[in-house]
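This report concerns only the one structure given below.
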Amino acid sequence: MSHYKLCWLPLTDGVFLMTAMYSKLVGTSEAATRLKKLISMVAPSNSAVIIKGQTGVGKELVAESLHQSSRRKGKFVAVNCAAIPRDLMEAELLGMRKVHLLEP
């Protein structure tokens with residue numbers, strides 16, 4: 001179940017932007033509230049974001065909420081980075097191919 005709520009994002013002193021925030025994050029604890037506020041602050045930027053945490057803490061939900069709350073266009077694609085071998089990570093995520101040079 002997804003939820004939309006209106007958020008007020010601070011632009012400058014005393015100036016706020018009202019936006020709709022998409023979220024599957026439904027917690028109301030202090031930590032969940034801080035997380036939602038952080039997502040609403042980061043979402044409008046074009047910054048790259050690394051989400052770290054132990055297995056099962058909801059990193060994918062945070063990533064999807066961040067994507068849906070942002071100006072990014074396109075479908076959200078979840079990637080299990082732990083399943084990608086370290087030496088293939090760059091190629092898989094950035095679309096690069098390793099080139100093997102043959103010596104004469």
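FYI, nothing fancy with the structure tokens labels: chains A, B, ... in order, residues from 1 per chain, ligands from 1 as they appear.
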Which neighbours of Val57 of chain A fall inside 12 Å, counting only C-alpha atoms, when residues of the same chain fewer than 6 positions from it are skipped, and could you give them as a list in words?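 Returned residues: Leu25, Ala32, Ile51 and Ala63 of chain A.
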Write to file, as a PDB file, in the first residue's frame, the residues of the selection just made, with C-alpha atoms.
ATOM      1  CA  LEU A  25       7.179   4.044   4.769  1.00  0.00           C
ATOM      2  CA  ALA A  32      10.885   6.941  11.037  1.00  0.00           C
ATOM      3  CA  ILE A  51      21.785   3.691   1.321  1.00  0.00           C
ATOM      4  CA  ALA A  63      15.311   3.917  -2.156  1.00  0.00           C
TER       5      ALA A  63
END
Could you name the residues that touch segment 33-43 of chain A at 7 Å or less, counting only C-alpha atoms, but leaving out those on the same chain fewer than 4 positions away, as a VMD selection string? chain A and resid 9 28 to 29 66 69 to 70
For the residues selected in the previous step, produce a file with N, CA and C atoms as a PDB file, in the first residue's frame.
ATOM      1  N   LEU A   9       8.956  21.639   2.031  1.00  0.00           N
ATOM      2  CA  LEU A   9      10.411  21.583   1.948  1.00  0.00           C
ATOM      3  C   LEU A   9      10.986  22.987   2.079  1.00  0.00           C
ATOM      4  N   THR A  28       5.678   5.731  12.484  1.00  0.00           N
ATOM      5  CA  THR A  28       5.455   7.037  13.118  1.00  0.00           C
ATOM      6  C   THR A  28       6.424   7.299  14.266  1.00  0.00           C
ATOM      7  N   SER A  29       7.400   6.413  14.441  1.00  0.00           N
ATOM      8  CA  SER A  29       8.376   6.617  15.521  1.00  0.00           C
ATOM      9  C   SER A  29       9.240   7.831  15.208  1.00  0.00           C
ATOM     10  N   LEU A  66      12.527   7.504  -2.029  1.00  0.00           N
ATOM     11  CA  LEU A  66      13.380   8.584  -2.512  1.00  0.00           C
ATOM     12  C   LEU A  66      13.183   8.802  -4.006  1.00  0.00           C
ATOM     13  N   SER A  69       9.693  10.264  -4.749  1.00  0.00           N
ATOM     14  CA  SER A  69       9.537  11.632  -4.252  1.00  0.00           C
ATOM     15  C   SER A  69      10.378  12.629  -5.041  1.00  0.00           C
ATOM     16  N   SER A  70      11.255  12.127  -5.891  1.00  0.00           N
ATOM     17  CA  SER A  70      12.169  12.995  -6.628  1.00  0.00           C
ATOM     18  C   SER A  70      11.569  13.435  -7.958  1.00  0.00           C
TER      19      SER A  70
END
Atom CA of Ile84 of chain A and atom CA of Gly56 of chain A are how many Å apart? 18.2 Å
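The interatomic distance for the pair atom CA of Gly27 of chain A and atom CA of Arg71 of chain A works out to 23.9 Å.
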Point-to-point distance from atom CA of Gln54 of chain A to atom CA of Lys73 of chain A, Å rounded to tenths: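 Between atom CA of Gln54 of chain A and atom CA of Lys73 of chain A the gap is 28.5 Å.
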Pick from A:Ser65, A:Leu88, A:Lys59, A:Arg72: nearest to Ser47 of chain A, with only C-alpha atoms counted?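 Using only C-alpha atoms, Ser47 of chain A sits closest to A:Arg72.
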